[in-house]
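Coordinates as given in input_32.tsv (TSV, C-alpha atoms):
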```tsv
chain	number	residue	atom	x	y	z
A	1	MET	CA	-59.30	-34.90	49.48
A	2	PHE	CA	-61.40	-37.28	47.41
A	3	ALA	CA	-62.65	-36.52	43.92
A	4	LYS	CA	-66.45	-36.64	43.81
A	5	ILE	CA	-67.87	-38.44	40.80
A	6	SER	CA	-71.39	-39.28	39.77
A	7	GLN	CA	-72.17	-43.00	39.84
A	8	ASP	CA	-73.49	-42.88	36.26
A	9	LYS	CA	-70.01	-41.87	35.08
A	10	ILE	CA	-68.34	-45.02	36.43
A	11	ILE	CA	-67.93	-48.03	34.15
A	12	TYR	CA	-67.48	-51.36	35.91
A	13	LYS	CA	-65.72	-54.14	34.02
A	14	ASP	CA	-65.53	-57.81	34.89
A	15	THR	CA	-62.35	-58.93	33.14
A	16	ASN	CA	-59.03	-60.64	33.71
A	17	SER	CA	-56.07	-58.41	33.02
A	18	GLU	CA	-52.55	-59.11	34.21
A	19	GLU	CA	-51.56	-55.54	33.37
A	20	ARG	CA	-54.37	-54.05	35.48
A	21	ARG	CA	-53.76	-56.56	38.27
A	22	LYS	CA	-50.10	-55.50	38.45
A	23	PHE	CA	-51.12	-51.83	38.37
A	24	LEU	CA	-53.49	-52.35	41.34
A	25	GLU	CA	-50.86	-54.31	43.28
A	26	ASN	CA	-48.29	-51.56	42.68
A	27	GLN	CA	-50.71	-48.84	43.77
A	28	LEU	CA	-51.55	-50.72	46.97
A	29	PHE	CA	-47.84	-51.38	47.58
A	30	GLU	CA	-47.03	-47.66	47.25
A	31	PHE	CA	-49.90	-46.68	49.56
A	32	ASN	CA	-48.88	-49.22	52.20
A	33	GLN	CA	-45.25	-48.13	52.10
A	34	ALA	CA	-46.25	-44.50	52.64
A	35	GLN	CA	-48.18	-45.50	55.78
A	36	SER	CA	-45.65	-47.55	57.76
A	37	LYS	CA	-41.91	-48.14	58.05
A	38	GLN	CA	-42.70	-51.68	59.24
A	39	ILE	CA	-44.62	-52.35	56.03
A	40	VAL	CA	-41.59	-51.24	54.03
A	41	GLU	CA	-39.44	-53.77	55.90
A	42	CYS	CA	-42.05	-56.50	55.50
A	43	ASP	CA	-42.31	-55.82	51.77
A	44	ARG	CA	-38.54	-56.09	51.48
A	45	LEU	CA	-38.60	-59.42	53.32
A	46	GLN	CA	-41.31	-60.68	51.00
A	47	THR	CA	-38.91	-60.40	48.07
A	48	ASP	CA	-36.08	-62.17	49.92
A	49	PRO	CA	-35.91	-65.95	49.66
A	50	PRO	CA	-37.84	-67.49	52.57
A	51	THR	CA	-35.92	-68.65	55.63
A	52	PHE	CA	-37.12	-72.21	56.11
A	53	ILE	CA	-36.97	-74.02	59.41
A	54	GLU	CA	-37.43	-77.73	58.80
A	55	ILE	CA	-37.01	-80.58	61.26
A	56	TYR	CA	-37.52	-84.22	60.38
A	57	ALA	CA	-37.87	-87.35	62.51
A	58	GLU	CA	-36.63	-90.66	61.21
A	59	ILE	CA	-35.87	-94.14	62.45
A	60	GLU	CA	-33.41	-96.50	60.90
A	61	PRO	CA	-31.39	-94.91	58.15
A	62	GLU	CA	-33.62	-92.69	56.02
A	63	LYS	CA	-37.06	-93.93	57.22
A	64	LEU	CA	-39.03	-90.73	57.70
A	65	ILE	CA	-41.70	-90.96	60.41
A	66	GLY	CA	-42.51	-87.27	60.74
A	67	GLY	CA	-41.51	-83.74	60.11
A	68	LEU	CA	-42.26	-80.06	60.33
A	69	VAL	CA	-41.87	-77.43	57.63
A	70	SER	CA	-42.02	-73.79	58.67
A	71	TYR	CA	-40.60	-70.49	57.56
A	72	VAL	CA	-40.19	-66.90	58.62
A	73	ASP	CA	-43.03	-65.12	56.88
A	74	TRP	CA	-43.70	-61.65	55.55
A	75	GLY	CA	-44.42	-60.15	58.98
A	76	ARG	CA	-41.38	-61.79	60.65
A	77	TRP	CA	-43.48	-64.46	62.31
A	78	LEU	CA	-42.71	-68.15	62.36
A	79	TYR	CA	-45.33	-69.74	60.12
A	80	ILE	CA	-45.76	-73.46	60.72
A	81	ASP	CA	-46.84	-74.63	57.31
A	82	ALA	CA	-46.95	-78.40	57.71
A	83	ILE	CA	-46.42	-80.96	60.45
A	84	TRP	CA	-47.00	-84.66	60.02
A	85	ILE	CA	-46.31	-87.75	62.13
A	86	ASP	CA	-46.79	-91.30	60.84
A	87	ALA	CA	-49.93	-92.74	62.48
A	88	ASN	CA	-47.87	-95.55	64.06
A	89	TYR	CA	-45.73	-93.03	65.96
A	90	ARG	CA	-48.26	-90.46	67.14
A	91	LYS	CA	-48.92	-89.64	70.81
A	92	GLN	CA	-45.25	-90.17	71.72
A	93	GLY	CA	-44.15	-86.52	71.94
A	94	ILE	CA	-42.62	-86.33	68.47
A	95	GLY	CA	-44.87	-83.51	67.27
A	96	GLN	CA	-44.35	-81.57	70.48
A	97	TYR	CA	-40.58	-81.95	70.09
A	98	LEU	CA	-40.66	-80.81	66.45
A	99	ILE	CA	-42.63	-77.68	67.32
A	100	ALA	CA	-40.38	-76.87	70.29
A	101	CYS	CA	-37.30	-77.19	68.05
A	102	ALA	CA	-38.80	-74.93	65.36
A	103	GLU	CA	-39.80	-72.35	67.96
A	104	GLN	CA	-36.32	-72.32	69.51
A	105	LYS	CA	-34.66	-71.95	66.11
A	106	ALA	CA	-37.03	-69.06	65.34
A	107	ILE	CA	-36.24	-67.36	68.65
A	108	ARG	CA	-32.53	-67.58	67.87
A	109	LYS	CA	-33.28	-65.78	64.59
A	110	GLY	CA	-35.02	-62.98	66.50
A	111	ILE	CA	-38.58	-64.14	65.78
A	112	LYS	CA	-41.02	-63.37	68.60
A	113	ARG	CA	-44.30	-64.88	67.42
A	114	ALA	CA	-45.62	-67.95	65.64
A	115	ARG	CA	-48.78	-68.73	63.72
A	116	LEU	CA	-50.44	-71.64	61.95
A	117	TYR	CA	-53.79	-72.95	60.94
A	118	THR	CA	-55.45	-76.30	61.40
A	119	PHE	CA	-58.78	-77.89	60.61
A	120	ASP	CA	-61.34	-79.22	63.07
A	121	PHE	CA	-60.37	-82.79	62.10
A	122	GLN	CA	-56.67	-82.21	62.69
A	123	ALA	CA	-54.87	-81.05	65.83
A	124	LEU	CA	-56.61	-78.06	67.42
A	125	SER	CA	-56.37	-79.37	71.00
A	126	PHE	CA	-52.72	-80.36	70.45
A	127	TYR	CA	-51.77	-76.80	69.49
A	128	LYS	CA	-53.76	-75.32	72.37
A	129	LYS	CA	-51.83	-77.55	74.81
A	130	LEU	CA	-48.62	-76.07	73.40
A	131	GLY	CA	-49.77	-72.52	74.16
A	132	TYR	CA	-51.31	-71.52	70.84
A	133	THR	CA	-54.52	-69.49	70.99
A	134	VAL	CA	-57.25	-69.21	68.38
A	135	TYR	CA	-57.54	-65.76	66.84
A	136	GLY	CA	-59.90	-66.67	64.04
A	137	GLU	CA	-62.01	-69.38	62.57
A	138	LEU	CA	-63.55	-69.92	59.19
A	139	GLU	CA	-66.66	-72.11	59.16
A	140	ASP	CA	-67.62	-74.27	56.18
A	141	PHE	CA	-64.05	-74.20	54.89
A	142	PRO	CA	-64.38	-76.67	53.28
A	143	LYS	CA	-68.10	-77.34	53.62
A	144	GLY	CA	-68.85	-79.09	56.90
A	145	HIS	CA	-65.48	-78.20	58.48
A	146	THR	CA	-63.86	-75.29	60.26
A	147	ALA	CA	-60.37	-73.89	59.78
A	148	TYR	CA	-58.79	-72.44	62.93
A	149	TYR	CA	-56.09	-69.79	62.90
A	150	LEU	CA	-53.77	-69.85	65.89
A	151	LYS	CA	-50.91	-67.76	67.23
A	152	LYS	CA	-48.38	-67.90	70.03
A	153	VAL	CA	-46.05	-65.36	71.61
A	154	LEU	CA	-42.60	-66.98	71.67
A	155	VAL	CA	-40.81	-64.06	73.33
A	156	ASP	CA	-42.39	-61.05	75.03
A	157	SER	CA	-41.35	-57.77	73.45
```

Would you mind writing the file's structure down as structure tokens?
Amino acid sequence: MFAKISQDKIIYKDTNSEERRKFLENQLFEFNQAQSKQIVECDRLQTDPPTFIEIYAEIEPEKLIGGLVSYVDWGRWLYIDAIWIDANYRKQGIGQYLIACAEQKAIRKGIKRARLYTFDFQALSFYKKLGYTVYGELEDFPKGHTAYYLKKVLVDS
């Protein structure tokens, strides 16, 4: 049951307060935990150190030409945070290989889904070719560009 209050009794404040911010976060945390056992597990994972999955490509001793940094995120998804290939070595399957390796390592850790985001000037078609589907987009982020949010089922439940 909600407490009814007259609008003229409410005081709105525009202020920065670490103490109040923490209070709000704790209240939301408690509410979420009361709603779902999965949220409790996710919250516990959020406090654990992240499980990184990193794969790097190099030629010659120690000459880095590409790499992928990902981690198992709060919801037990593989989150591909960064992938980069030196311009001289693109379009040779290196990026595809890095993603396949990260996905396989995630599957071995019991992860069933992956997610990432990319901009319109980056690699949207590349990710789609690898089986990722767009589940959201944010236009004018930054102005004149679109950010795309993608996901992929690695293992059917």

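Here CA of Ile65 in chain A is placed at a distance of 24.1 Å from CA of Tyr132 in chain A.
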
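CA of Leu154 in chain A to CA of Ile111 in chain A spans 7.7 Å [interatomic distance, one decimal].
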
Please list as a PDB file with C-alpha atoms, keeping the file's coordinate frame every residue within 12 Å of Lys128 in chain A, counting only C-alpha atoms and excluding residues in the same chain fewer than 2 positions away.
```
ATOM      1  CA  GLN A  96     -44.350 -81.570  70.480  1.00  0.00           C
ATOM      2  CA  ARG A 115     -48.780 -68.730  63.720  1.00  0.00           C
ATOM      3  CA  LEU A 116     -50.440 -71.640  61.950  1.00  0.00           C
ATOM      4  CA  TYR A 117     -53.790 -72.950  60.940  1.00  0.00           C
ATOM      5  CA  THR A 118     -55.450 -76.300  61.400  1.00  0.00           C
ATOM      6  CA  ALA A 123     -54.870 -81.050  65.830  1.00  0.00           C
ATOM      7  CA  LEU A 124     -56.610 -78.060  67.420  1.00  0.00           C
ATOM      8  CA  SER A 125     -56.370 -79.370  71.000  1.00  0.00           C
ATOM      9  CA  PHE A 126     -52.720 -80.360  70.450  1.00  0.00           C
ATOM     10  CA  LEU A 130     -48.620 -76.070  73.400  1.00  0.00           C
ATOM     11  CA  GLY A 131     -49.770 -72.520  74.160  1.00  0.00           C
ATOM     12  CA  TYR A 132     -51.310 -71.520  70.840  1.00  0.00           C
ATOM     13  CA  THR A 133     -54.520 -69.490  70.990  1.00  0.00           C
ATOM     14  CA  VAL A 134     -57.250 -69.210  68.380  1.00  0.00           C
ATOM     15  CA  TYR A 135     -57.540 -65.760  66.840  1.00  0.00           C
ATOM     16  CA  TYR A 148     -58.790 -72.440  62.930  1.00  0.00           C
ATOM     17  CA  TYR A 149     -56.090 -69.790  62.900  1.00  0.00           C
ATOM     18  CA  LEU A 150     -53.770 -69.850  65.890  1.00  0.00           C
ATOM     19  CA  LYS A 151     -50.910 -67.760  67.230  1.00  0.00           C
ATOM     20  CA  LYS A 152     -48.380 -67.900  70.030  1.00  0.00           C
TER      21      LYS A 152
END
```

Which residue of A:Trp77, A:Phe141, A:Phe121, A:Tyr127 approaches Ala106 in chain A most closely, using only C-alpha atoms: A:Trp77

Interatomic distance between CA of Leu68 in chain A and CA of Ile94 in chain A? 10.3 Å

So which one's closest to Tyr71 in chain A, A:Gln33, A:Thr51, A:Ser6, A:Gln104? Using all atoms listed in the file, please.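 Of A:Gln33, A:Thr51, A:Ser6, A:Gln104, the one nearest Tyr71 in chain A is A:Thr51, counting all atoms listed in the file.
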
Is it possible to get the axis-aligned box enclosing range 67-79 of chain A (all listed atoms, 4 Å extra per side) as AutoDock Vina command-line options, with centre and edge lengths in Å rounded to one decimal?
```
--center_x -42.8 --center_y -71.9 --center_z 59.0 --size_x 13.1 --size_y 31.6 --size_z 14.8
```

Tell me which protein, DNA and RNA residues are within 12 Å of range 55-58 of chain A, counting only C-alpha atoms, leaving out same-chain ones fewer than 6 positions away, and put them as a PyMOL selection string. chain A and resi 64-71+80+82-86+89-90+93-105

Given the choices A:Glu54, A:Glu25, A:Glu19, A:Asp120, which gets closest to Glu139 in chain A if the distance is worked out from all atoms listed in the file?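 Closest to Glu139 in chain A, using all atoms listed in the file: A:Asp120.
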
Need the neighbours of (-41.1, -60.7, 66.6): which residues are at most 9 Å away, counting all atoms listed in the file, as a VMD selection string? chain A and resid 75 to 78 107 110 to 114 153 to 157
